[in-house]
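Working notes, beginning with the structure itself.
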Amino acid sequence: NAGVMQNPRHLVRRRGQEARLRCSPMKGHSHVYWYRQLPEEGLKFMVYLQKENIIDESGMPKERFSAEFPKEGPSILRIQQVVRGDSAAYFCASSSDRTGSGNTIYFGEGSWLTVV
Amino acid sequence: GEDVEQSLFLSVREGDSSVINCTYTDSSSTYLYWYKQEPGAGLQLLTYIFSNMDMKQDQRLTVLLNKKDKHLSLRIADTQTGDSAIYFCAESLGGGGNKLTFGTGTQLKVEL
């Protein structure tokens, strides 16, 4: 049973370009979460999605960032017109349900974005 | 509001026990987690505890939860050099959809 798969693992973008990060949840998981880890900091929640729905985007910056989780295919975190401050590790996590009743949340290996 | 705090560094000798502490502010937390992150790597779930428990033991790991003081600790027995990493505690509010609030992380250094 493959874990949470993220790609690319490392991405370099010039200022103003777009970054697309992909996440395939664990098999059987339909809940996906994106977190951002700035250098030397803890992880901060960005967005929570189920298939075709955004459930909670309270941690998403108001501009340039968007996320989707289509019916088919991976979840995608998209950052438009990247700036140096977007350089961070972006982690995806998945779970089997939303209630937290005994399930656990599994993280991917992360995608490291560097904006030059 | 949600706020999770940890001390930044801990240094121990190989073979000793390590105790990593965490305080949280949200009394409605349902699950509390400990994750391990090695340099350049993702987060590895070590253990978690439900908020109605006081203690959970899993091999070398012991989690203690003091709900009254909102204090969580992770004890690693017989610490090894391979335990050197950053350890994050995190809380979730259960019905909030497993949204986790992470602490700032404690860097554990194990010396020979």
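Every chain in the structure tokens takes a letter, A first, then B, and so on in the order presented; its residues are numbered from 1, and the ligands are numbered from 1 following the presented order.
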| request: Return as a VMD selection string the residues belonging to chain A that are within 10 Å of chain B, counting only C-alpha atoms. | output: chain A and resid 9 31 to 35 40 to 49 55 to 56 89 to 95 97 to 112
| said: When you look at Asp78 (chain B) with a cut-off of 8 Å (counting only C-alpha atoms), what residues show up, excluding the ones that are within fewer than 3 positions of it in the same chain? I need them as JSON, numbers by chain. | reply: {"B": [14, 15, 16, 17, 60]}
| Which residues come within 7 Å of Ile76 (chain A), counting only C-alpha atoms, excluding same-chain residues fewer than 2 positions away, as number ranges by chain? | A: 20-23, 67-69, 74, 78
| Spatial neighbours of Leu113 (chain A), max dist 7 Å, only C-alpha atoms, sep filter under 2 positions, as a list in words | His10, Leu11, Val12, Ser87, Ala88, Ala89, Ser111 and Val115 of chain A
| Hey, what's within 12 Å of Ser27 (chain B) if we count only C-alpha atoms and toss same-chain stuff fewer than 5 positions away? As a VMD selection string, please? | chain B and resid 1 to 4 32 51 to 52 66 to 71 91 to 93
Backbone DSSP call of strand (DSSP E) for region 21-78 of chain A, listed as a tab-separated table (two decimals) with C-alpha atoms, in the first residue's frame:
chain	number	residue	atom	x	y	z
A	21	LEU	CA	2.63	20.62	-6.78
A	22	ARG	CA	0.88	17.28	-6.97
A	23	CYS	CA	-0.28	14.89	-4.29
A	24	SER	CA	-1.76	11.42	-4.55
A	31	HIS	CA	-9.37	13.58	2.48
A	32	VAL	CA	-6.34	15.65	1.53
A	33	TYR	CA	-4.59	18.42	3.43
A	34	TRP	CA	-1.85	20.80	2.36
A	35	TYR	CA	0.62	22.31	4.81
A	36	ARG	CA	3.48	24.73	4.32
A	37	GLN	CA	6.72	24.69	6.26
A	43	LEU	CA	4.01	23.29	9.57
A	44	LYS	CA	1.08	25.61	8.96
A	45	PHE	CA	-2.26	24.36	7.67
A	46	MET	CA	-3.27	25.71	4.28
A	47	VAL	CA	-6.26	23.85	2.89
A	48	TYR	CA	-8.40	20.74	3.37
A	49	LEU	CA	-10.09	19.09	0.41
A	50	GLN	CA	-12.29	16.15	-0.38
A	53	ASN	CA	-14.69	20.02	-2.84
A	54	ILE	CA	-12.72	22.53	-0.81
A	55	ILE	CA	-13.78	22.03	2.79
A	56	ASP	CA	-11.54	24.49	4.64
A	65	PHE	CA	-2.66	30.25	-4.29
A	66	SER	CA	-5.29	27.71	-5.28
A	67	ALA	CA	-5.91	24.03	-4.68
A	68	GLU	CA	-8.05	21.37	-6.24
A	75	SER	CA	-4.68	16.94	-5.71
A	76	ILE	CA	-2.86	19.98	-7.06
A	77	LEU	CA	-1.59	23.02	-5.20
A	78	ARG	CA	-0.99	25.84	-7.62
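If you measure from each of A:Asn7, A:Gln80, A:Ser30, A:Thr114 to Pro61 (chain A) using only C-alpha atoms, the closest one turns out to be A:Gln80.
Separating CA of Met60 (chain A) from CA of Val83 (chain A) is a distance of 15.4 Å.
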| Gap from CA of Leu64 (chain B) to CA of Pro39 (chain B) - Å, one decimal |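 The value is 26.3 Å.
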| message | Given only C-alpha atoms as the basis, pick out the residue of B:Glu5, B:Thr79, B:Asn21, B:Leu10 nearest to Lys109 (chain B). | response |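 Among the listed residues, the smallest separation from Lys109 (chain B) belongs to B:Leu10.
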| Å distance separating CA of Thr23 (chain B) from CA of Ser96 (chain A), one decimal place |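 Computing it gives 27.5 Å between the two atoms.
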| query | Which residue out of A:Lys27, A:Ser58, A:Glu63, A:Arg15 has the minimum interatomic distance to Val82 (chain A) when only C-alpha atoms are used? | reply |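 Among the listed residues, A:Arg15 lies closest to Val82 (chain A).
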